[in-house]
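Asker: Enclosed is the structure file data-v3.tsv (TSV, C-alpha atoms (C1' of nucleotides)).
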chain	number	residue	atom	x	y	z
A	1	MET	CA	-240.85	-48.85	68.03
A	2	THR	CA	-237.53	-50.02	66.69
A	3	LEU	CA	-237.10	-53.55	65.57
A	4	PRO	CA	-234.31	-55.49	67.21
A	5	LEU	CA	-231.23	-55.67	65.02
A	6	PRO	CA	-230.46	-59.06	63.59
A	7	ARG	CA	-227.96	-60.72	65.84
A	8	LEU	CA	-224.66	-61.08	64.07
A	9	ALA	CA	-222.24	-63.86	64.87
A	10	PRO	CA	-219.45	-62.66	67.16
A	11	ARG	CA	-216.13	-62.05	65.53
A	12	THR	CA	-213.73	-64.70	66.65
A	13	TRP	CA	-209.99	-64.76	67.01
A	14	ALA	CA	-208.00	-66.03	64.06
A	15	ALA	CA	-204.34	-66.93	63.78
A	16	PHE	CA	-202.25	-64.33	62.02
A	17	PRO	CA	-201.00	-65.95	58.82
A	18	GLY	CA	-197.24	-66.16	58.44
A	19	TRP	CA	-196.15	-63.84	61.21
A	20	ASN	CA	-195.35	-64.59	64.83
A	21	PRO	CA	-193.27	-61.75	66.22
A	22	SER	CA	-192.19	-61.44	69.84
A	23	PRO	CA	-194.25	-59.00	71.92
A	24	ALA	CA	-191.42	-56.48	71.68
A	25	VAL	CA	-191.17	-56.72	67.90
A	26	LEU	CA	-194.93	-56.49	67.54
A	27	ALA	CA	-194.93	-53.35	69.70
A	28	GLU	CA	-192.04	-51.89	67.72
A	29	THR	CA	-193.87	-52.53	64.44
A	30	ILE	CA	-197.28	-51.10	65.30
A	31	ASP	CA	-196.38	-48.60	68.03
A	32	GLY	CA	-192.78	-47.66	67.29
A	33	GLY	CA	-193.42	-44.61	65.15
A	34	GLN	CA	-194.82	-45.97	61.89
A	35	SER	CA	-198.41	-45.71	63.02
A	36	PHE	CA	-200.03	-43.57	65.69
A	37	ARG	CA	-203.36	-45.34	66.08
A	38	TRP	CA	-202.65	-48.39	68.25
A	39	GLN	CA	-203.45	-48.60	71.96
A	40	ARG	CA	-202.64	-51.28	74.48
A	41	THR	CA	-205.61	-53.19	75.91
A	42	ALA	CA	-205.97	-55.72	78.69
A	43	GLU	CA	-205.51	-58.51	76.17
A	44	GLY	CA	-203.14	-56.96	73.66
A	45	TRP	CA	-203.67	-54.11	71.19
A	46	THR	CA	-206.49	-52.28	69.43
A	47	GLY	CA	-205.81	-50.40	66.22
A	48	VAL	CA	-207.71	-48.26	63.73
A	49	TRP	CA	-207.05	-47.56	60.08
A	50	GLY	CA	-209.59	-46.65	57.41
A	51	ASN	CA	-212.85	-48.23	58.49
A	52	SER	CA	-211.04	-51.06	60.22
A	53	LEU	CA	-211.04	-51.64	63.96
A	54	VAL	CA	-208.86	-54.59	64.87
A	55	ASP	CA	-207.73	-56.34	68.04
A	56	LEU	CA	-204.48	-58.24	68.37
A	57	ARG	CA	-203.42	-60.64	71.09
A	58	GLN	CA	-200.55	-63.06	71.55
A	59	ARG	CA	-200.88	-66.63	72.63
A	60	ALA	CA	-198.00	-68.84	73.63
A	61	ASP	CA	-197.13	-69.82	70.08
A	62	ARG	CA	-198.92	-67.38	67.83
A	63	LEU	CA	-200.30	-63.95	67.10
A	64	GLU	CA	-204.09	-63.66	66.76
A	65	TRP	CA	-206.38	-60.98	65.41
A	66	ARG	CA	-210.09	-60.23	65.27
A	67	ASN	CA	-212.15	-57.62	63.51
A	68	LEU	CA	-214.42	-55.44	65.65
A	69	ALA	CA	-216.03	-53.36	62.90
A	70	ARG	CA	-219.02	-54.07	60.70
A	71	THR	CA	-216.95	-53.03	57.74
A	72	PRO	CA	-215.03	-53.84	55.64
A	73	PRO	CA	-216.83	-56.93	54.29
A	74	ASP	CA	-213.60	-58.91	54.07
A	75	PRO	CA	-211.47	-57.82	57.02
A	76	SER	CA	-208.82	-60.48	56.49
A	77	GLN	CA	-207.91	-58.85	53.19
A	78	THR	CA	-207.54	-55.48	54.88
A	79	VAL	CA	-205.44	-56.90	57.69
A	80	THR	CA	-203.20	-58.74	55.25
A	81	ARG	CA	-202.58	-55.57	53.24
A	82	TYR	CA	-201.99	-53.38	56.30
A	83	PHE	CA	-199.36	-55.71	57.69
A	84	GLY	CA	-197.63	-56.21	54.35
A	85	GLY	CA	-198.72	-59.82	54.15
A	86	ASP	CA	-198.27	-59.84	50.37
A	87	ARG	CA	-194.48	-59.61	50.69
A	88	ASP	CA	-191.82	-62.14	51.64
A	89	TRP	CA	-190.29	-60.33	54.60
A	90	PRO	CA	-187.64	-62.91	55.49
A	91	ALA	CA	-186.37	-62.78	51.90
A	92	LEU	CA	-186.46	-58.98	51.81
A	93	THR	CA	-184.60	-58.75	55.09
A	94	ASP	CA	-182.06	-61.33	54.00
A	95	SER	CA	-181.31	-59.29	50.89
A	96	LEU	CA	-180.11	-56.35	53.00
A	97	PRO	CA	-176.30	-56.03	53.15
A	98	TRP	CA	-176.03	-57.41	56.69
A	99	ARG	CA	-173.27	-59.83	55.75
A	100	SER	CA	-170.88	-56.96	55.17
A	101	ASP	CA	-172.35	-54.66	57.82
A	102	PRO	CA	-171.95	-55.84	61.43
A	103	HIS	CA	-174.10	-53.11	62.92
A	104	LEU	CA	-176.98	-53.84	60.55
A	105	ALA	CA	-176.61	-57.54	61.39
A	106	GLN	CA	-176.88	-56.65	65.06
A	107	CYS	CA	-180.05	-54.62	64.43
A	108	LEU	CA	-181.69	-57.42	62.42
A	109	ALA	CA	-180.89	-59.89	65.21
A	110	ALA	CA	-182.35	-57.56	67.86
A	111	PHE	CA	-185.75	-57.20	66.14
A	112	PRO	CA	-186.38	-60.43	64.20
A	113	GLY	CA	-189.50	-60.20	62.04
A	114	LEU	CA	-189.89	-56.42	62.19
A	115	ARG	CA	-192.14	-55.23	59.38
A	116	ILE	CA	-192.98	-52.06	57.50
A	117	LEU	CA	-196.72	-51.37	57.59
A	118	ARG	CA	-198.76	-50.44	54.53
A	119	GLN	CA	-201.17	-47.86	55.93
A	120	PRO	CA	-203.80	-45.82	54.08
A	121	PHE	CA	-201.89	-43.16	52.18
A	122	GLY	CA	-203.92	-40.12	53.22
A	123	GLU	CA	-203.89	-41.09	56.89
A	124	THR	CA	-200.15	-41.60	56.83
A	125	LEU	CA	-199.76	-38.11	55.41
A	126	LEU	CA	-201.89	-36.67	58.19
A	127	GLY	CA	-200.00	-38.51	60.92
A	128	PHE	CA	-196.60	-37.35	59.74
A	129	LEU	CA	-197.76	-33.77	59.20
A	130	CYS	CA	-198.38	-33.88	62.96
A	131	SER	CA	-194.95	-35.30	63.71
A	132	ALA	CA	-192.60	-32.31	63.39
A	133	THR	CA	-190.52	-32.01	66.59
A	134	LYS	CA	-192.96	-34.13	68.56
A	135	GLN	CA	-192.55	-37.42	70.34
A	136	ILE	CA	-194.66	-40.44	69.53
A	137	VAL	CA	-196.87	-40.08	72.62
A	138	GLN	CA	-197.79	-36.56	71.60
A	139	ILE	CA	-198.38	-37.42	67.96
A	140	LYS	CA	-200.73	-40.15	69.13
A	141	GLN	CA	-202.60	-37.62	71.27
A	142	MET	CA	-203.03	-35.27	68.32
A	143	CYS	CA	-204.34	-38.08	66.13
A	144	ALA	CA	-206.66	-39.29	68.89
A	145	LEU	CA	-208.13	-35.80	69.30
A	146	LEU	CA	-208.51	-35.29	65.56
A	147	ALA	CA	-210.34	-38.59	65.30
A	148	ALA	CA	-212.51	-38.15	68.37
A	149	ARG	CA	-213.60	-34.62	67.48
A	150	HIS	CA	-213.63	-34.66	63.70
A	151	GLY	CA	-213.65	-38.26	62.47
A	152	THR	CA	-216.72	-40.39	61.87
A	153	GLU	CA	-217.45	-43.19	64.27
A	154	ILE	CA	-216.62	-46.69	63.11
A	155	ALA	CA	-219.67	-48.93	63.08
A	156	ARG	CA	-218.82	-51.67	65.49
A	157	HIS	CA	-219.79	-55.23	65.38
A	158	GLU	CA	-222.67	-55.90	67.70
A	159	MET	CA	-220.71	-58.34	69.79
A	160	ALA	CA	-217.61	-56.23	69.99
A	161	PRO	CA	-216.60	-55.14	73.49
A	162	ASP	CA	-217.38	-51.47	73.92
A	163	SER	CA	-214.36	-50.69	76.03
A	164	SER	CA	-212.26	-49.88	72.99
A	165	PRO	CA	-210.73	-46.43	73.25
A	166	LEU	CA	-210.47	-45.83	69.48
A	167	PRO	CA	-213.91	-45.98	67.89
A	168	HIS	CA	-213.38	-43.07	65.46
A	169	ARG	CA	-211.69	-42.82	62.08
A	170	LEU	CA	-209.23	-40.09	61.36
A	171	PRO	CA	-210.95	-37.29	59.42
A	172	SER	CA	-210.55	-37.53	55.65
A	173	TRP	CA	-208.86	-34.70	53.74
A	174	PRO	CA	-212.17	-33.31	52.44
A	175	GLU	CA	-213.40	-33.34	56.04
A	176	LEU	CA	-210.24	-31.64	57.25
A	177	ALA	CA	-210.69	-28.90	54.65
A	178	HIS	CA	-213.87	-27.79	56.44
A	179	ILE	CA	-212.32	-27.51	59.89
A	180	PRO	CA	-211.29	-23.98	60.97
A	181	GLU	CA	-207.60	-23.74	61.76
A	182	ALA	CA	-208.43	-22.68	65.32
A	183	ASP	CA	-210.24	-26.00	65.85
A	184	LEU	CA	-207.23	-27.85	64.50
A	185	ARG	CA	-205.00	-25.96	66.92
A	186	ALA	CA	-207.33	-27.04	69.71
A	187	CYS	CA	-206.27	-30.62	68.91
A	188	LEU	CA	-202.76	-29.79	70.25
A	189	LEU	CA	-201.40	-29.32	66.73
A	190	GLY	CA	-199.69	-25.96	67.31
A	191	PHE	CA	-197.99	-24.60	64.21
A	192	ARG	CA	-198.68	-27.89	62.43
A	193	ALA	CA	-202.32	-26.81	62.15
A	194	ARG	CA	-201.37	-24.36	59.40
A	195	TYR	CA	-199.66	-27.14	57.42
A	196	ILE	CA	-202.66	-29.42	57.74
A	197	ALA	CA	-205.11	-26.70	56.75
A	198	GLY	CA	-202.92	-25.74	53.79
A	199	THR	CA	-202.54	-29.33	52.65
A	200	ALA	CA	-206.29	-29.88	53.02
A	201	ARG	CA	-206.98	-26.86	50.78
A	202	PHE	CA	-204.40	-28.03	48.24
A	203	LEU	CA	-205.86	-31.55	48.07
A	204	THR	CA	-209.45	-30.38	47.94
A	205	ALA	CA	-208.61	-28.26	44.90
A	206	ARG	CA	-207.12	-31.33	43.19
A	207	PRO	CA	-209.39	-34.38	43.41
A	208	GLY	CA	-207.53	-37.60	42.65
A	209	TRP	CA	-204.11	-36.00	43.25
A	210	LEU	CA	-203.36	-38.11	46.33
A	211	GLU	CA	-204.38	-41.37	44.68
A	212	GLU	CA	-202.27	-40.59	41.61
A	213	THR	CA	-199.32	-39.75	43.82
A	214	GLU	CA	-199.57	-43.03	45.71
A	215	ALA	CA	-199.40	-44.95	42.42
A	216	LEU	CA	-196.34	-43.13	41.03
A	217	PRO	CA	-192.81	-44.54	41.24
A	218	TYR	CA	-190.80	-43.35	44.24
A	219	PRO	CA	-188.93	-40.35	42.79
A	220	ALA	CA	-192.00	-38.87	41.08
A	221	ALA	CA	-194.22	-39.52	44.08
A	222	LYS	CA	-191.75	-37.84	46.40
A	223	ALA	CA	-191.41	-34.79	44.15
A	224	ARG	CA	-195.16	-34.38	44.25
A	225	LEU	CA	-195.47	-34.77	48.02
A	226	LEU	CA	-192.84	-32.04	48.44
A	227	GLU	CA	-195.30	-29.60	46.87
A	228	LEU	CA	-197.49	-29.85	49.96
A	229	PRO	CA	-197.10	-27.30	52.75
A	230	GLY	CA	-195.46	-28.92	55.76
A	231	VAL	CA	-194.03	-31.79	53.75
A	232	GLY	CA	-190.25	-31.82	53.49
A	233	GLU	CA	-187.78	-34.59	52.76
A	234	LYS	CA	-188.33	-36.49	55.98
A	235	VAL	CA	-192.13	-36.42	56.03
A	236	ALA	CA	-192.34	-37.31	52.33
A	237	ASP	CA	-190.13	-40.35	52.86
A	238	CYS	CA	-192.14	-41.49	55.88
A	239	VAL	CA	-195.41	-41.20	53.96
A	240	LEU	CA	-194.01	-43.21	51.04
A	241	LEU	CA	-192.37	-45.83	53.25
A	242	PHE	CA	-195.24	-46.41	55.69
A	243	GLY	CA	-198.19	-45.48	53.46
A	244	ALA	CA	-197.21	-46.57	49.96
A	245	GLY	CA	-194.93	-49.56	50.41
A	246	GLN	CA	-191.97	-47.74	48.85
A	247	LEU	CA	-189.15	-49.56	50.61
A	248	GLU	CA	-186.49	-47.44	48.93
A	249	ALA	CA	-187.67	-44.34	50.80
A	250	PHE	CA	-185.06	-43.58	53.49
A	251	PRO	CA	-186.36	-41.09	56.06
A	252	VAL	CA	-183.59	-39.27	57.90
A	253	ASP	CA	-184.73	-38.13	61.33
A	254	THR	CA	-182.76	-37.36	64.44
A	255	TRP	CA	-182.55	-41.06	65.37
A	256	VAL	CA	-181.16	-42.13	62.03
A	257	LEU	CA	-178.82	-39.16	62.10
A	258	LYS	CA	-177.59	-40.33	65.50
A	259	SER	CA	-177.34	-43.93	64.36
A	260	LEU	CA	-175.25	-43.20	61.29
A	261	ALA	CA	-173.09	-40.71	63.15
A	262	ARG	CA	-172.25	-43.12	65.93
A	263	ARG	CA	-172.28	-46.50	64.21
A	264	TYR	CA	-171.02	-45.52	60.78
A	265	GLY	CA	-168.72	-42.65	61.65
A	266	LEU	CA	-170.79	-40.01	59.88
A	267	ASP	CA	-170.36	-37.33	62.51
A	268	HIS	CA	-171.43	-33.84	61.47
A	269	TRP	CA	-172.95	-35.11	58.23
A	270	LYS	CA	-176.04	-33.21	57.14
A	271	PRO	CA	-179.38	-34.97	56.57
A	272	ALA	CA	-179.08	-34.80	52.76
A	273	GLN	CA	-175.63	-36.38	52.88
A	274	VAL	CA	-176.80	-39.09	55.26
A	275	ALA	CA	-179.75	-39.79	52.97
A	276	HIS	CA	-177.39	-40.27	50.05
A	277	PHE	CA	-175.16	-42.55	52.09
A	278	GLY	CA	-178.20	-44.59	53.17
A	279	ARG	CA	-179.49	-45.11	49.65
A	280	THR	CA	-176.11	-46.18	48.28
A	281	HIS	CA	-175.01	-48.23	51.27
A	282	PHE	CA	-178.28	-50.06	52.04
A	283	GLY	CA	-179.58	-50.33	48.47
A	284	PRO	CA	-183.12	-50.53	47.06
A	285	LEU	CA	-184.62	-51.61	50.41
A	286	ALA	CA	-182.93	-48.82	52.35
A	287	GLY	CA	-186.20	-47.97	54.08
A	288	LEU	CA	-186.40	-51.44	55.62
A	289	ALA	CA	-182.83	-51.13	56.88
A	290	GLN	CA	-183.69	-47.69	58.23
A	291	GLN	CA	-186.49	-49.12	60.35
A	292	TYR	CA	-184.12	-51.60	62.00
A	293	LEU	CA	-181.52	-48.89	62.65
A	294	PHE	CA	-184.24	-46.61	64.02
A	295	ALA	CA	-185.61	-49.29	66.35
A	296	TRP	CA	-182.16	-50.25	67.59
A	297	GLU	CA	-181.08	-46.69	68.22
A	298	ARG	CA	-184.23	-45.87	70.17
A	299	LYS	CA	-183.89	-48.95	72.35
A	300	PHE	CA	-180.14	-49.30	72.82
A	301	GLY	CA	-178.75	-46.00	71.57
A	302	GLY	CA	-178.02	-44.60	75.01
A	303	ARG	CA	-174.70	-46.37	75.34
B	1	DA	C1'	-189.60	-25.57	86.43
B	2	DG	C1'	-187.99	-25.07	81.96
B	3	DG	C1'	-185.80	-27.08	77.99
B	4	DC	C1'	-186.77	-30.01	74.48
B	5	DA	C1'	-189.06	-32.72	70.93
B	6	DG	C1'	-189.15	-38.35	64.56
B	7	DG	C1'	-189.15	-30.76	60.79
B	8	DT	C1'	-190.29	-27.19	57.58
B	9	DG	C1'	-190.11	-22.76	55.36
B	10	DG	C1'	-188.28	-18.39	54.87
B	11	DC	C1'	-184.56	-15.26	54.95
B	12	DC	C1'	-179.82	-13.90	54.41
B	13	DA	C1'	-174.88	-14.33	52.74
C	1	DT	C1'	-176.13	-24.16	48.50
C	2	DG	C1'	-175.66	-23.54	53.36
C	3	DG	C1'	-176.67	-21.96	57.94
C	4	DC	C1'	-179.84	-19.94	61.19
C	5	DC	C1'	-184.26	-19.23	63.37
C	6	DA	C1'	-189.32	-18.82	64.27
C	7	DC	C1'	-193.09	-21.67	64.73
C	8	DC	C1'	-196.81	-24.11	69.24
C	9	DT	C1'	-197.11	-26.45	73.40
C	10	DG	C1'	-197.46	-30.69	76.32
C	11	DC	C1'	-194.17	-33.89	78.54
C	12	DC	C1'	-190.27	-35.78	81.08
Produce structure tokens that represent the structure in this file.

Answerer:
Amino acid sequence: MTLPLPRLAPRTWAAFPGWNPSPAVLAETIDGGQSFRWQRTAEGWTGVWGNSLVDLRQRADRLEWRNLARTPPDPSQTVTRYFGGDRDWPALTDSLPWRSDPHLAQCLAAFPGLRILRQPFGETLLGFLCSATKQIVQIKQMCALLAARHGTEIARHEMAPDSSPLPHRLPSWPELAHIPEADLRACLLGFRARYIAGTARFLTARPGWLEETEALPYPAAKARLLELPGVGEKVADCVLLFGAGQLEAFPVDTWVLKSLARRYGLDHWKPAQVAHFGRTHFGPLAGLAQQYLFAWERKFGGR
DNA sequence: AGGCAGGTGGCCA
DNA sequence: TGGCCACCTGCC
């Protein structure tokens, strides 16, 4: 006979402190290519990171969230960190050189309140190792399969609705190290499976390496990430921007290449040259500027 | 139906 | 240093 579990109070909706983005800007922030673990629901969005399982919904005048997992003990702290709630985003955005850059000004106006997420470092690395020459939908599928087949289930709050499609964590790096490459390939990873297996072996041989890397200043952290198989300039910058809060990281992907070619006259420039231009032109928060350019180009770039 | 997709690593001049 | 190409495979 099993005893009935103590009945926990249902998690209730709470207003999101200090952030009220439009539905489009919210979608661009959580589902625009920074993170691959958010799904639309009837009410809004469900997302997973670490041991967190969180719902978002928008009311007429505010954004609301609720925790669906039994852990962590203080979910509001986790949510605050994930959404960069410890930074003054309006001030950061205002310090970008939009006054002397009409296109940047146009991008800021098109996505007011856009934020850079601060995701768990190791998970960000995994997501972007999956990203090479893949579109966001497909990267999300890879992550979903990795989680469903190889990640531990997140203990849900008793009162949480069980319709959530994302009840599993991504596998940790030690867990990934035990998965045969063939099983990784079965998660639609293709040639990326070799990178992930290689990185898993590398990290398993060096306990603490990832945590040390996350804490290093940007140039040193990037140099270390480049040691990993499958991590080049672009992936390293994405991991540092979206998983370590390094706003000076300036990932150059095809969208940013397109953006700078068409809006800044940098036709035929190579990625390394564009990266240099970005750092000098946009300054120490180049990564934040990059996210606005990226979002604008994806949405309006077809003209 | 088939080319293409948020790159990287290896090889060659 | 710079340019090219293989690498997997599901989607539009």

Asker: For range 2-12 of chain B, please output as a list of chain:residue names all residues within 8 Å (counting all atoms listed in the file; exclusion window: fewer than 5 positions along the same chain).

Answerer: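 The residues satisfying every condition are A:Gly33, A:Ser131, A:Ala132, A:Thr133, A:Lys134, A:Gln135, A:Ile136, A:Gly230, A:Val231, A:Gly232, A:Lys234, A:Val235, A:Asp253, A:Thr254, A:Trp255.
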
Asker: Excluding same-chain residues fewer than 4 positions from Asn20 in chain A, what lies within 8 Å of it counting all atoms listed in the file, as a list in words?

Answerer: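 So the residues in contact are Phe16, Asp61, Arg62, Leu63 and Gly113 of chain A.
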
Asker: Could you list the residues in chain C lying within 7 Å of chain A, using only C-alpha atoms (C1' of nucleotides), and format the result as a list in words?

Answerer: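 For chain C, the answer reads DC7, DC8 and DT9 of chain C.
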
Asker: Quick one: everything within 8 Å of Glu64 in chain A, counting all atoms listed in the file, minus sequence neighbours fewer than 5 positions away in the same chain. Send it as a PyMOL selection string.

Answerer: chain A and resi 13-16+56-59

Asker: One number please: CA of Arg70 in chain A to CA of Leu170 in chain A, in Å, one decimal.

Answerer: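 Atom-to-atom, CA of Arg70 in chain A and CA of Leu170 in chain A are spaced 17.1 Å apart.
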